[in-house]
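Heads up, the thing below is written out as structure tokens.
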Amino acid sequence: MRYLPLTDAEREEMKQVIGIADVRDLFTCIPSGQCRPPLGKLPKALSEPELTAAFRAFGRRNSFSGYLSFLGAGAYAHFIPEVVSYLSAKGEFLTPYTPYQPEVSQGSLQAIFEYQTLMTMLTGLDVANASLYDGATAAAEAVLLATRRSGRRRVLLAGSLHPEYAAVIRTYVQNLPIELVTVAVDEASGRVDAADLGAKLDDATAAVLFQSPNFLGVVEDGPALAAAAHERKAFAVQVVAEAMSLAFLAAPGDAGVDMAVGEAQSFGLTLGFGGPYLGFMAVREEFMRQLPGRLVGQTRDLDGKRGYVLTLSTREQHIKREKATSNICSNEAWCALRAGMYLAVMGRTGLTRAARACHLNAAYFARAATGTKRIRVVYERNFFNEVLVAVKKGSASELAAALRKKGILAGVPLAWFDAGQKDRLLIAFSEVHDRAAIDRLLAAIGV
Amino acid sequence: MNTLPKLIFELSREGKIGVGLNEADVPDEPAVDPALRRRDIPDFPQVSEVEVVRHYMALAKLNYSVDAGFYPLGSCTMKYNPKINEKFAAAEELQAHPYAPHDLVQGNLEIMARLEEWLMELTGLAGFTLAPAAGAHGEFTAMLMVRKHLQEKGDPRKVVLIPDSAHGTNPASAHFAGYDVKEIASSAQGTIGLAELRPHLTPDVAALMMTNPNTLGIFESDIMAVADALHANGSLLYMDGANLNALLGAVRPGDLGVDVMHINLHKTFATPHGGGGPGSGPVGVAERLLPYLPVPRVRRRGEGFDVVYDDPRSIGRVKNFYGQFLVIVRALAYLMALGRENVGRVAEDAVLNANYLRKRLEGLLDLPYQGPSLHEVVFSDSGLPVKTLDIAKRLLDYGIHPFTIYFPLIVHGAMMIEPTESESKETLDEFIAVMETVLREAREDPELLRQAPTRTPVRRLDETLAARKPVLRWRKGESL
Amino acid sequence: MAKENLLYSKDHEWVRREGDAVVIGVTDYAQHELGDIVFVDLPAVGKELKKGDPAANIESVKAVSDVYSPVSGKVTEANASLGGSPELVNQDPLGEGWIFKMSVEQAAELDELMDLQKYEEYLKGIAGE
């Protein structure tokens, strides 16, 4: 077998050194009668050409790639410069373990230090960790951090939070003394309902967690939400499900929030059918020692040379065990490295231009679709790259099905998450679209 | 070259561009209030494409990796990562949007369903979820299921028992599932038998979290009796499958009385660790825990596949979308390459390699737990003139990645060596020869080891400085 | 500070009377066991503590240790210098490296602590284990 380098002769030699006749003698510790199950349902071993053919066959059973796609809702198609794929595929980056031996891991460590810095620049906050699993679990970790730090147990979740994020948060806290309260969305503006927020915020509230741009595509009034939370000495947490928005919209830190968490898949990660993606968490300095996950810090070596190490590890499970800030160990290091590469090669000019293009495409669509007969643009302004439309007749799912027949995946019907939202379709744009693609969508809708 | 690469920010020059994007061809008419927009990203790098490439190439040279050489990091199963699997993970035709209609992604759903089915066959368990993103996430998912099950039976109970040799993730995961943790001491042989379990087996005990083979590389031979005792008490047996590599094809945890376990695709199933992730931590369950598996679940339906999103008895959703799909792709490819003919060989060679190293090193190093080793062996630094750390650092000078050090906590100055099945006898012999040299140096010139490494890109780094005065980001004008 | 004038707990805290209050720190033995101290998590002023409650946290690079309240009472002051200079606990554990001050609810609890001679015997016992 090509992955097993020992020859039979070497196996014999090694058995002699060990002093056994049969390699199975090394397994006698396993209760007899349970040994060597038949495993008949496993496949037959494949040669490399057979394996390649098998995966081509899986690929052929997928048929999404011919479609013009406007799917978003937490996972976004963006252009990825070839440099990112080329560099990140190098074995030196792909095949080390966690950098426990910093002397031979400076490449990974420096790259993560750069990633942490890039995320602080984009979020306008002081400290970013080395990654979490994904946007939803990052939001859940923010809830845990806020309650731990404040000693309070009530957390307000904006009703416009991605429903899967809300679901993951509910799963995480189901056995903990944390109360989750949903804040209503104001239908007219698509933003958190200020009156409902005011009514639900109290002195037991640890945090207000809102998404911006939110699940309806709308950019929230971050400064107002942060101020409302702070008035009750609660923390303001902004969830960002589309990290590309950070390059176009006001930074969370500048809006006054205490923590920004979310999904950075847009920074150089392929859609990958939902993963692996990249959860990020950035916070104000006062939360530094409460952060979950790994942190890379700068230091010096014995000769005074600059270098990097994993640091503030006493927060983590391998030292604090059940008292750790999180149970996370393996994170998304390679995804963070790749995001760093993406941001480096895109640079200030490329990133801001791509982010602007995402928005301009969405804005072009919204303008063209406003006042037409088949659909209504629900929020005509203050979105980033997602436009929520309401179908005037029939359901959004029916519209999506009709457009599929014309080779277009037009968006995500909100009825998937909330059966009451039958007429709503969330349409995502990015810099991969051009005017012709959007015009094709508009024509197919029949506006 | 003697100096380390600059930071990307230090390479930045105003006006440099690294990417060629399309010009937007729609009107430049934003629809966002100016107050909501950002003006600039201060100090964000501006670097040309070639400089970005050279920057990361320079960083790559500073890293040790499995592709470069022997990496016997105990409990991490640093086996070879087959290159063809990277091609599949990068294949355009698998990069579907997670919300693409199910009938357009039947190939992807089949990949997930097949891996679930084969993991069931390998472990003897009744069902799997592929949703958890890593081992610890799998542990947490598993403990939520344990709790939900006990809750439905009327009492979630309060305590989870965890051996003192366990990974720190076990107590942390149990804690976040709402349990108090009680550590139980291993026997003199380093294992957990009825004698160790019984005194702690109160009606409050929800589960025992047992790593098997444990972190000493020793199989928990009493596991079936332990499972029976737990079950008689209404408690469950959780198996941490971090070390499943030793058992592949040799025994199925489900046949040993295990109720729930997580496995690490990034260990046992050869997916690359990526410098710390992404991993993937599927969880398998016995029949009675099936209803609590997280959503979404992929399900065979006739010739095809669909997805179940809602199930009132499920613990809920633990992650966005479906899980670490591209890790799942690699793991499936690995299993298909091995096939049923070779799965057992993996464990056999891994165990043979570990025992060969044990035999050749046990005259040189103290072996505190003498029970039979499976995939790894743990020595201690007792009786040596230097510490484990010094030996580890000296190995770096010889171009070998050290073993896991100072874990498990029950071994003084632990050196936890896991060669995996990927290593040839020549590599093992070279490692043994280097260990002999290093241990001779330790006797003759211990200071040499305390000063090591000297041949690496940087020498020992000041971790105290890093923690006392944390510098976690670059800031303009503050470069060291 | 002369170590003869201090009282000691089995968890290696020292206690110095200061009027009605006490000053608390960790012993030289404790700081040595911990190694280079990188952070001290101080108790909030006003916090009520029972004897034996964890009051503060001392962190080295790879270990965390609780500082337990040797008596019952209320925290009156925490050593702010440790925020920027946690190494003071290593350098001068009985002096500049003090950790917090607290009021004493029951003076009798002080009698349960060890004097220097008893503490040194206690340390010998640990070393012998």
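The chains in the structure tokens are called A, B, ... from first to last as shown; in each chain the residues are counted from 1, and the ligands are counted from 1 in the order shown.
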
- Message: Using only C-alpha atoms and a cut-off of 12 Å, which residues of chain C sit close to chain A? Please list them as a ChimeraX atom specification.
- Response: /C:37-41,57-66

Could you write out the selected residues, including C-alpha atoms, as a PDB file, in the first residue's frame?
ATOM      1  CA  ILE C  37       4.934  35.149  37.016  1.00  0.00           C
ATOM      2  CA  VAL C  38       3.341  36.894  34.052  1.00  0.00           C
ATOM      3  CA  PHE C  39      -0.031  38.032  35.374  1.00  0.00           C
ATOM      4  CA  VAL C  40      -1.864  38.478  38.649  1.00  0.00           C
ATOM      5  CA  ASP C  41      -5.646  38.583  38.550  1.00  0.00           C
ATOM      6  CA  ASN C  57      -5.091  34.133  40.474  1.00  0.00           C
ATOM      7  CA  ILE C  58      -1.395  34.024  39.756  1.00  0.00           C
ATOM      8  CA  GLU C  59      -0.307  32.962  36.307  1.00  0.00           C
ATOM      9  CA  SER C  60       3.041  31.844  35.030  1.00  0.00           C
ATOM     10  CA  VAL C  61       3.563  31.008  31.368  1.00  0.00           C
ATOM     11  CA  LYS C  62       2.172  27.504  31.696  1.00  0.00           C
ATOM     12  CA  ALA C  63       0.421  27.321  35.048  1.00  0.00           C
ATOM     13  CA  VAL C  64      -2.293  29.050  37.007  1.00  0.00           C
ATOM     14  CA  SER C  65      -2.518  29.048  40.763  1.00  0.00           C
ATOM     15  CA  ASP C  66      -5.244  30.317  43.062  1.00  0.00           C
TER      16      ASP C  66
END

Considering only C-alpha atoms, give me a table of residues in chain B that are at most 12 Å from chain C, with the closest atom pair and distance in Å for each, as a Markdown table.
| residue | atom | partner | partner_atom | distance |
| --- | --- | --- | --- | --- |
| B:Tyr406 | CA | C:Lys62 | CA | 10.8 |
| B:Asp462 | CA | C:Val61 | CA | 10.1 |
| B:Glu463 | CA | C:Val61 | CA | 6.8 |
| B:Thr464 | CA | C:Val61 | CA | 6.0 |
| B:Leu465 | CA | C:Val38 | CA | 7.9 |
| B:Ala466 | CA | C:Val38 | CA | 8.8 |
| B:Ala467 | CA | C:Val38 | CA | 5.8 |
| B:Arg468 | CA | C:Val38 | CA | 4.5 |
| B:Lys469 | CA | C:Val38 | CA | 8.3 |
| B:Pro470 | CA | C:Val38 | CA | 9.8 |

- All helix (DSSP H, G or I) positions in range 18-216 of chain A, as a ChimeraX atom specification: /A:18,23-27,48-60,82-88,91-94,102-104,106-123,135-150,163-173,194-200

- Based on DSSP run over this structure's backbone, return all residues of range 6-125 of chain C in strand (DSSP E), as a PyMOL selection string. chain C and resi 7-8+13-18+21-26+37-41+48-49+54-60+64-68+73-78+100-103

- Message: My list of candidates is A:Phe273, A:Phe210, A:Tyr308, A:Phe383. Which is closest to Ala366 in chain A when distances are computed with only C-alpha atoms?
- Response: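 The closest residue to Ala366 in chain A is A:Phe383.
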
- Message: Please list as number ranges by chain every residue within 6 Å of range 127-136 of chain A, counting only C-alpha atoms and excluding residues in the same chain fewer than 2 positions away.
- Response: A: 116, 120, 138-139, 165, 262-263, 277-283, 294-295, 331-332; B: 320

- Determine, counting only C-alpha atoms, which protein, DNA and RNA residues have an atom within 10 Å of an atom of His230 in chain A; residues of the same chain fewer than 5 positions away are not included. Present the result as a PyMOL selection string. chain A and resi 207-208+224-225+235-236+256-258

- Quick one: everything within 6 Å of Asn385 in chain A, counting only C-alpha atoms, minus sequence neighbours fewer than 2 positions away in the same chain. Send it as a VMD selection string. chain A and resid 358 to 359 362 428 to 429

Just-selected residues, C-alpha atoms written as a PDB file, in the first residue's frame:
ATOM      1  CA  CYS A 358     -19.963  44.098  -4.214  1.00  0.00           C
ATOM      2  CA  HIS A 359     -22.002  47.006  -3.002  1.00  0.00           C
ATOM      3  CA  ALA A 362     -26.186  45.224  -5.285  1.00  0.00           C
ATOM      4  CA  ALA A 428     -26.403  38.307  -2.846  1.00  0.00           C
ATOM      5  CA  PHE A 429     -24.017  40.148  -5.141  1.00  0.00           C
TER       6      PHE A 429
END

- Task: Please identify all polymer residues within 10 Å of range 89-99 of chain C, counting only C-alpha atoms, omitting same-chain residues fewer than 2 positions from it, and present them as a PyMOL selection string.
- Result: chain C and resi 1-3+6+13-16+23-32+34-43+55-58+67+77-82+85-87+101

Go ahead and dump the residues you just picked, N, CA and C atoms, as a short mmCIF file (atom, residue, chain, number, x, y, z; two decimals), in the first residue's frame.
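After the write, again_6.cif holds the following:
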data_model
loop_
_atom_site.label_atom_id
_atom_site.label_comp_id
_atom_site.auth_asym_id
_atom_site.auth_seq_id
_atom_site.Cartn_x
_atom_site.Cartn_y
_atom_site.Cartn_z
N MET C 1 10.36 42.82 54.07
CA MET C 1 9.60 42.50 55.30
C MET C 1 10.19 41.28 55.97
N ALA C 2 10.41 41.40 57.25
CA ALA C 2 11.00 40.26 57.97
C ALA C 2 10.02 39.10 58.00
N LYS C 3 10.47 37.94 57.58
CA LYS C 3 9.54 36.82 57.47
C LYS C 3 9.13 36.29 58.84
N LEU C 6 5.51 37.28 60.11
CA LEU C 6 4.35 36.93 59.29
C LEU C 6 3.71 35.64 59.77
N GLU C 13 0.25 31.10 51.43
CA GLU C 13 0.05 32.53 51.54
C GLU C 13 0.73 33.00 52.84
N TRP C 14 1.20 34.25 52.81
CA TRP C 14 1.61 34.87 54.08
C TRP C 14 0.62 35.96 54.44
N VAL C 15 0.55 36.24 55.74
CA VAL C 15 -0.41 37.23 56.25
C VAL C 15 0.33 38.15 57.23
N ARG C 16 0.17 39.45 57.02
CA ARG C 16 0.79 40.41 57.94
C ARG C 16 -0.29 41.28 58.54
N VAL C 23 -2.45 42.19 55.40
CA VAL C 23 -1.89 42.23 54.05
C VAL C 23 -1.57 40.77 53.70
N ILE C 24 -1.84 40.42 52.44
CA ILE C 24 -1.67 39.02 52.04
C ILE C 24 -0.81 38.94 50.78
N GLY C 25 0.05 37.96 50.79
CA GLY C 25 0.87 37.69 49.60
C GLY C 25 1.17 36.21 49.54
N VAL C 26 2.06 35.83 48.62
CA VAL C 26 2.47 34.42 48.58
C VAL C 26 3.93 34.30 49.00
N THR C 27 4.29 33.15 49.49
CA THR C 27 5.63 32.97 50.06
C THR C 27 6.67 32.80 48.96
N ASP C 28 7.91 32.88 49.39
CA ASP C 28 9.01 32.70 48.46
C ASP C 28 8.96 31.30 47.86
N TYR C 29 8.59 30.33 48.68
CA TYR C 29 8.45 28.97 48.17
C TYR C 29 7.43 28.92 47.03
N ALA C 30 6.28 29.59 47.23
CA ALA C 30 5.21 29.57 46.23
C ALA C 30 5.66 30.23 44.93
N GLN C 31 6.31 31.38 45.03
CA GLN C 31 6.72 32.08 43.80
C GLN C 31 7.76 31.26 43.06
N HIS C 32 8.59 30.56 43.83
CA HIS C 32 9.63 29.75 43.20
C HIS C 32 9.00 28.56 42.45
N LEU C 34 6.05 28.45 41.18
CA LEU C 34 5.29 28.94 40.01
C LEU C 34 6.20 29.31 38.85
N GLY C 35 7.41 29.75 39.17
CA GLY C 35 8.30 30.23 38.12
C GLY C 35 7.97 31.66 37.75
N ASP C 36 8.40 32.08 36.56
CA ASP C 36 8.21 33.47 36.16
C ASP C 36 6.74 33.83 36.11
N ILE C 37 6.35 34.76 36.96
CA ILE C 37 4.93 35.15 37.02
C ILE C 37 4.67 36.22 35.95
N VAL C 38 3.62 35.99 35.17
CA VAL C 38 3.34 36.89 34.05
C VAL C 38 2.07 37.72 34.26
N PHE C 39 1.23 37.30 35.19
CA PHE C 39 -0.03 38.03 35.37
C PHE C 39 -0.62 37.69 36.74
N VAL C 40 -1.14 38.72 37.40
CA VAL C 40 -1.86 38.48 38.65
C VAL C 40 -3.27 39.04 38.48
N ASP C 41 -4.25 38.17 38.64
CA ASP C 41 -5.65 38.58 38.55
C ASP C 41 -6.08 38.97 39.96
N LEU C 42 -6.22 40.27 40.19
CA LEU C 42 -6.44 40.78 41.54
C LEU C 42 -7.91 40.76 41.92
N PRO C 43 -8.21 40.64 43.21
CA PRO C 43 -9.62 40.67 43.63
C PRO C 43 -10.15 42.11 43.60
N ALA C 55 -9.19 33.94 46.05
CA ALA C 55 -9.27 35.40 46.07
C ALA C 55 -8.59 36.03 44.86
N ALA C 56 -7.49 35.45 44.45
CA ALA C 56 -6.73 35.98 43.31
C ALA C 56 -6.16 34.82 42.54
N ASN C 57 -5.67 35.13 41.36
CA ASN C 57 -5.09 34.13 40.47
C ASN C 57 -3.69 34.57 40.10
N ILE C 58 -2.75 33.68 40.20
CA ILE C 58 -1.40 34.02 39.76
C ILE C 58 -1.05 33.13 38.58
N VAL C 67 -4.87 32.03 44.71
CA VAL C 67 -4.47 32.51 46.03
C VAL C 67 -5.74 32.48 46.88
N GLU C 77 -8.01 46.61 49.56
CA GLU C 77 -7.08 47.18 48.59
C GLU C 77 -6.41 46.04 47.82
N ALA C 78 -6.10 46.29 46.57
CA ALA C 78 -5.33 45.32 45.79
C ALA C 78 -4.08 46.02 45.28
N ASN C 79 -3.00 45.29 45.12
CA ASN C 79 -1.72 45.89 44.74
C ASN C 79 -1.69 46.23 43.26
N ALA C 80 -2.01 47.48 42.96
CA ALA C 80 -2.13 47.91 41.57
C ALA C 80 -0.81 47.79 40.81
N SER C 81 0.32 47.86 41.51
CA SER C 81 1.61 47.78 40.80
C SER C 81 1.78 46.45 40.07
N LEU C 82 1.09 45.44 40.54
CA LEU C 82 1.25 44.13 39.90
C LEU C 82 0.65 44.10 38.50
N SER C 85 3.62 45.23 36.57
CA SER C 85 4.85 44.53 36.96
C SER C 85 4.57 43.28 37.79
N PRO C 86 3.99 42.26 37.18
CA PRO C 86 3.69 41.04 37.93
C PRO C 86 4.96 40.39 38.47
N GLU C 87 6.12 40.73 37.87
CA GLU C 87 7.37 40.11 38.29
C GLU C 87 7.75 40.49 39.72
N LYS C 101 -5.11 43.51 50.42
CA LYS C 101 -5.35 43.74 51.84
C LYS C 101 -6.82 43.47 52.12
#
